[in-house]
Amino acid sequence: MRIDPELATTLAAIIDEGTLDAASKRLQITPSAVSQRLKTLEQQLGRILVVRTKPARLTEAGEAVVRLARQVALLEHDALVGVGIDDAGATRRISIPLAVNADSMATWFLAPLARLSARHDVDFDLHRDDQNFTARLLESGTVMAAVTSEEAPVSGCSVSPLGVLEYRAMAEPGFVQRWFADGVTATALAAAPFVDFDRRDTLQHEWLRAMAVGQEGVPRHYVPASHDYALAVGHGLGWGMVPLLQEAPGLVPLGGPALRVQLFWQQWNLRSELLDTIAGEIAAEARRVLGASVSRPRSHPASRRKRGRAEAG
């Protein structure tokens with residue numbers, strides 16, 4: 001059995017756009033044609049590929065087909081460039097979906113993408129998630145590469161170290177005077193509000209544990225944007241673990257341990273000149289900003305990794 005690339009591309013468009021109607025506009029065909037292509041593909045494979053919610057959601061079988069569609073598109077792009085068609089300006093732009101954690105996006109990740117965009121006809125489709133969960137987007141076929149805290153390669157991917165994001169507990173001077181007048185004690189920390197990025201952010205909880213304080217019952221604010229998070233701490237909304245790269249003048253360190261998050265670059269294990277070029281540019285920026293050590297990429301065999309390891313997101 002062969003999977004028709006056109007049908008697989010249609011499935012990827014449905015997921016990228018969220019609905020069959022939106023996919024029809026992207027593909028410049030009617031919604032009924034999109035529906036018929038999806039029906040044909042599901043009948044051929046004997047599997048349900050899409051859960052028809054809004055936005056549409058892939059089944060496990062659908063994830064495998066979308067991975068194929070993205071890999072074919074990437075290899076086709078490299079082939080067209082290789083035969084010189086790109087030089088004639090005839091190659092369509094290719095979309096490269098990448099996953100990245102919010103703090104990397106806010107501090108160092110966008111600069112290398114801007115340089116790449118100036119040299120290549122590529123559109124970057126960024127998916128933001130916690131560094132502990134970006135690898136799941138690789139596994140599902142949503143993205144081709146990811147910044148992640150997972151060192152173990154996702155099935156069918158290679159992994160290289162990028163460097164370390166360092167966080168310190170910081171607060172605005174007025175906040176320190178109000179809540180920590182007698183020092184940063186366990187009693188004061190149990191009462192002082194802190195800022196969480198979202199309900200999956202564990203950095204503040206880890207620091208509290210290191211300070212022998214349980215995080216249950218401690219007041220907290222949720223600010224789910226990296227720049228706004230640092231701004232909230234700077235305004236005195238609460239204390240928080242601020243990346244060293246985002247520390248603003250005037251913030252007061254609360255002491256305790258600095259938390260270091262090791263970041264890795266994982267990408268599909270394909271021989272793609274474009275994907276390797278992207279990886280090289282990002283690695284160079286990481287070495288400059290994060291101080292990454294140079295190491296050869298490691299690969300995982302192509303067999304599918306067991307589900308569940310990165311599904312909490």
# chains A, B, ... in the order shown; residues from 1 in each chain; ligands from 1
$ residues_around --residues "stretch 126-142 of chain A" --least-positions-apart "4" --cutoff "9 Å" --atoms "only C-alpha atoms" --output "compact mmCIF listing (two decimals) with C-alpha atoms, in the first residue's frame"
# COMPACT_ATOMS: atom_id res chain seq x y z
CA ALA A 12 -1.43 18.27 7.06
CA ILE A 15 -4.31 20.23 10.99
CA ASP A 16 -2.27 23.34 10.26
CA LEU A 58 -4.99 14.11 14.84
CA GLU A 60 -2.19 8.48 16.42
CA GLY A 62 -3.03 10.69 11.59
CA GLU A 63 0.19 11.79 13.27
CA ALA A 64 2.15 9.22 11.27
CA VAL A 65 0.63 10.46 7.98
CA VAL A 66 1.34 14.12 8.80
CA ARG A 67 4.97 13.29 9.61
CA LEU A 68 5.21 11.70 6.17
CA ARG A 70 6.09 17.14 6.14
CA ILE A 96 9.19 24.84 8.65
CA PRO A 97 7.34 24.19 11.93
CA LEU A 98 9.56 24.43 15.01
CA ALA A 99 8.84 24.11 18.73
CA VAL A 100 10.54 26.37 21.26
CA ASN A 101 10.11 27.28 24.90
CA ALA A 102 8.89 30.79 25.72
CA ASP A 103 12.07 32.00 27.45
CA MET A 105 11.92 32.70 22.09
CA ALA A 146 12.43 21.53 18.73
CA VAL A 147 14.27 23.21 21.55
CA THR A 148 13.71 20.84 24.45
CA SER A 149 15.03 19.88 27.86
CA GLU A 150 14.88 16.18 26.90
CA PRO A 153 16.31 11.41 21.40
CA VAL A 154 12.71 11.16 20.28
CA SER A 155 12.16 8.23 17.93
CA GLY A 156 13.62 9.00 14.51
CA CYS A 157 15.39 12.17 15.69
CA ARG A 200 3.01 23.49 34.22
CA ASP A 201 5.81 25.83 35.27
CA VAL A 261 17.94 24.23 32.57
CA LEU A 263 18.52 22.81 26.48
CA GLN A 266 16.17 17.70 18.45
CA GLN A 267 15.31 17.37 14.78
CA TRP A 268 14.07 14.73 12.39
CA ARG A 304 8.49 4.61 17.55
CA ARG A 305 9.09 5.58 21.16
CA ARG A 307 3.72 6.98 24.13
CA ARG A 309 6.76 10.05 28.21
CA ALA A 310 6.02 13.56 26.91
CA GLU A 311 2.24 13.54 26.77
CA ALA A 312 1.52 15.53 29.90
CA GLY A 313 1.14 18.63 27.77
$ atom_distance --atom1 "atom CA of A:Val213" --atom2 "atom CA of A:Glu172"
20.8 Å
$ closest_residue --among "A:Ile3, A:Glu285, A:Trp207, A:Pro219" --to "A:Leu113" --atoms "only C-alpha atoms"
A:Glu285
$ closest_residue --among "A:Ala106, A:Ala192, A:Met144, A:Ile29" --to "A:Gln71" --atoms "only C-alpha atoms"
A:Met144
$ select_by_dssp --residues "stretch 22-100 of chain A" --states "alpha helix (DSSP H)" --output "ChimeraX atom specification"
/A:22-27,31-45,60-82
$ atom_distance --atom1 "atom CA of A:Thr202" --atom2 "atom CA of A:Trp265"
21.2 Å
$ select_by_dssp --residues "stretch 42-156 of chain A" --states "strand (DSSP E or B)" --output "mmCIF file with C-alpha atoms, in the first residue's frame"
data_model
loop_
_atom_site.group_PDB
_atom_site.id
_atom_site.type_symbol
_atom_site.label_atom_id
_atom_site.label_comp_id
_atom_site.auth_asym_id
_atom_site.auth_seq_id
_atom_site.Cartn_x
_atom_site.Cartn_y
_atom_site.Cartn_z
ATOM 1 C CA VAL A 50 -8.750 13.222 12.355
ATOM 2 C CA VAL A 51 -11.001 13.960 15.304
ATOM 3 C CA ARG A 57 -7.077 17.016 16.142
ATOM 4 C CA LEU A 58 -4.993 14.112 14.836
ATOM 5 C CA ILE A 94 8.353 26.051 2.383
ATOM 6 C CA SER A 95 6.948 26.203 5.892
ATOM 7 C CA ILE A 96 9.188 24.841 8.655
ATOM 8 C CA PRO A 97 7.340 24.194 11.934
ATOM 9 C CA LEU A 98 9.561 24.431 15.009
ATOM 10 C CA ALA A 99 8.845 24.109 18.730
ATOM 11 C CA VAL A 100 10.538 26.372 21.257
ATOM 12 C CA VAL A 122 11.287 29.727 4.254
ATOM 13 C CA ASP A 123 8.357 30.514 6.536
ATOM 14 C CA PHE A 124 8.858 29.587 10.182
ATOM 15 C CA ASP A 125 5.800 28.253 12.016
ATOM 16 C CA LEU A 126 6.701 28.495 15.700
ATOM 17 C CA HIS A 127 4.934 26.440 18.353
ATOM 18 C CA ARG A 128 5.543 27.668 21.894
ATOM 19 C CA ALA A 145 12.648 20.270 15.168
ATOM 20 C CA ALA A 146 12.435 21.535 18.729
ATOM 21 C CA VAL A 147 14.271 23.214 21.554
ATOM 22 C CA THR A 148 13.707 20.839 24.447
#
$ residues_around --residues "A:Gly256" --least-positions-apart "4" --cutoff "9 Å" --atoms "only C-alpha atoms" --output "compact mmCIF listing (two decimals) with N, CA and C atoms, in the first residue's frame"
# COMPACT_ATOMS: atom_id res chain seq x y z
N ARG A 168 17.41 32.81 38.31
CA ARG A 168 17.62 33.16 39.71
C ARG A 168 16.32 33.74 40.28
N ALA A 169 16.09 33.49 41.55
CA ALA A 169 14.91 34.05 42.22
C ALA A 169 15.15 35.55 42.41
N TRP A 207 12.49 25.80 43.38
CA TRP A 207 13.27 26.70 44.23
C TRP A 207 12.72 26.72 45.64
N ALA A 210 13.87 23.73 47.41
CA ALA A 210 15.27 23.88 47.81
C ALA A 210 15.41 24.77 49.04
N MET A 211 14.44 25.66 49.24
CA MET A 211 14.45 26.54 50.40
C MET A 211 13.65 25.95 51.56
$ decode --residues "stretch 40-52 of chain A" --atoms "all heavy atoms" --output "short mmCIF file (atom, residue, chain, number, x, y, z; two decimals), in the first residue's frame"
data_model
loop_
_atom_site.label_atom_id
_atom_site.label_comp_id
_atom_site.auth_asym_id
_atom_site.auth_seq_id
_atom_site.Cartn_x
_atom_site.Cartn_y
_atom_site.Cartn_z
N THR A 40 -11.20 9.59 1.41
CA THR A 40 -10.48 8.62 0.59
C THR A 40 -9.27 8.06 1.33
O THR A 40 -9.02 6.84 1.34
CB THR A 40 -10.03 9.27 -0.72
OG1 THR A 40 -11.18 9.71 -1.46
CG2 THR A 40 -9.23 8.29 -1.57
N LEU A 41 -8.52 8.95 1.96
CA LEU A 41 -7.31 8.53 2.67
C LEU A 41 -7.68 7.63 3.85
O LEU A 41 -7.03 6.59 4.07
CB LEU A 41 -6.53 9.76 3.16
CG LEU A 41 -5.19 9.51 3.84
CD1 LEU A 41 -4.25 8.72 2.93
CD2 LEU A 41 -4.56 10.83 4.26
N GLU A 42 -8.71 7.98 4.59
CA GLU A 42 -9.12 7.15 5.73
C GLU A 42 -9.62 5.79 5.27
O GLU A 42 -9.37 4.78 5.93
CB GLU A 42 -10.18 7.89 6.54
CG GLU A 42 -9.63 9.10 7.31
CD GLU A 42 -10.68 9.78 8.17
OE1 GLU A 42 -11.87 9.78 7.76
OE2 GLU A 42 -10.31 10.33 9.23
N GLN A 43 -10.33 5.76 4.14
CA GLN A 43 -10.82 4.48 3.62
C GLN A 43 -9.65 3.61 3.15
O GLN A 43 -9.64 2.39 3.38
CB GLN A 43 -11.81 4.72 2.48
CG GLN A 43 -13.15 5.27 2.95
CD GLN A 43 -14.08 5.56 1.78
OE1 GLN A 43 -13.65 5.71 0.63
NE2 GLN A 43 -15.38 5.65 2.07
N GLN A 44 -8.68 4.22 2.49
CA GLN A 44 -7.53 3.46 2.00
C GLN A 44 -6.73 2.85 3.15
O GLN A 44 -6.28 1.71 3.07
CB GLN A 44 -6.61 4.37 1.17
CG GLN A 44 -7.18 4.74 -0.20
CD GLN A 44 -6.26 5.67 -0.95
OE1 GLN A 44 -5.28 6.20 -0.41
NE2 GLN A 44 -6.58 5.91 -2.22
N LEU A 45 -6.57 3.60 4.24
CA LEU A 45 -5.76 3.13 5.36
C LEU A 45 -6.58 2.34 6.38
O LEU A 45 -6.00 1.66 7.24
CB LEU A 45 -5.09 4.32 6.06
CG LEU A 45 -4.10 5.12 5.21
CD1 LEU A 45 -3.56 6.31 6.00
CD2 LEU A 45 -2.95 4.24 4.73
N GLY A 46 -7.90 2.48 6.29
CA GLY A 46 -8.75 1.80 7.25
C GLY A 46 -8.58 2.33 8.66
O GLY A 46 -8.72 1.60 9.65
N ARG A 47 -8.29 3.62 8.77
CA ARG A 47 -8.05 4.25 10.06
C ARG A 47 -8.74 5.62 10.08
O ARG A 47 -8.78 6.32 9.07
CB ARG A 47 -6.55 4.48 10.32
CG ARG A 47 -5.69 3.24 10.31
CD ARG A 47 -5.90 2.39 11.56
NE ARG A 47 -4.91 1.33 11.65
CZ ARG A 47 -4.97 0.19 11.00
NH1 ARG A 47 -6.00 -0.04 10.18
NH2 ARG A 47 -4.04 -0.74 11.15
N ILE A 48 -9.23 6.02 11.26
CA ILE A 48 -9.66 7.39 11.46
C ILE A 48 -8.42 8.24 11.70
O ILE A 48 -7.60 7.91 12.57
CB ILE A 48 -10.62 7.51 12.66
CG1 ILE A 48 -11.88 6.69 12.41
CG2 ILE A 48 -10.99 8.97 12.93
CD1 ILE A 48 -12.70 7.16 11.21
N LEU A 49 -8.26 9.30 10.94
CA LEU A 49 -7.05 10.10 11.01
C LEU A 49 -7.24 11.42 11.75
O LEU A 49 -6.27 11.98 12.27
CB LEU A 49 -6.53 10.39 9.59
CG LEU A 49 -6.25 9.15 8.72
CD1 LEU A 49 -5.84 9.58 7.32
CD2 LEU A 49 -5.18 8.27 9.36
N VAL A 50 -8.48 11.91 11.78
CA VAL A 50 -8.75 13.22 12.35
C VAL A 50 -9.96 13.14 13.27
O VAL A 50 -10.98 12.54 12.91
CB VAL A 50 -9.01 14.28 11.26
CG1 VAL A 50 -9.47 15.60 11.87
CG2 VAL A 50 -7.75 14.51 10.43
N VAL A 51 -9.84 13.75 14.44
CA VAL A 51 -11.00 13.96 15.30
C VAL A 51 -11.57 15.31 14.91
O VAL A 51 -10.89 16.34 15.01
CB VAL A 51 -10.60 13.95 16.79
CG1 VAL A 51 -11.83 14.19 17.66
CG2 VAL A 51 -9.94 12.63 17.15
N ARG A 52 -12.81 15.32 14.44
CA ARG A 52 -13.37 16.53 13.83
C ARG A 52 -13.89 17.51 14.88
O ARG A 52 -15.07 17.81 14.99
CB ARG A 52 -14.46 16.15 12.84
CG ARG A 52 -13.86 15.51 11.57
CD ARG A 52 -14.90 14.71 10.80
NE ARG A 52 -14.40 14.19 9.54
CZ ARG A 52 -13.60 13.14 9.41
NH1 ARG A 52 -13.19 12.50 10.48
NH2 ARG A 52 -13.20 12.73 8.21
#
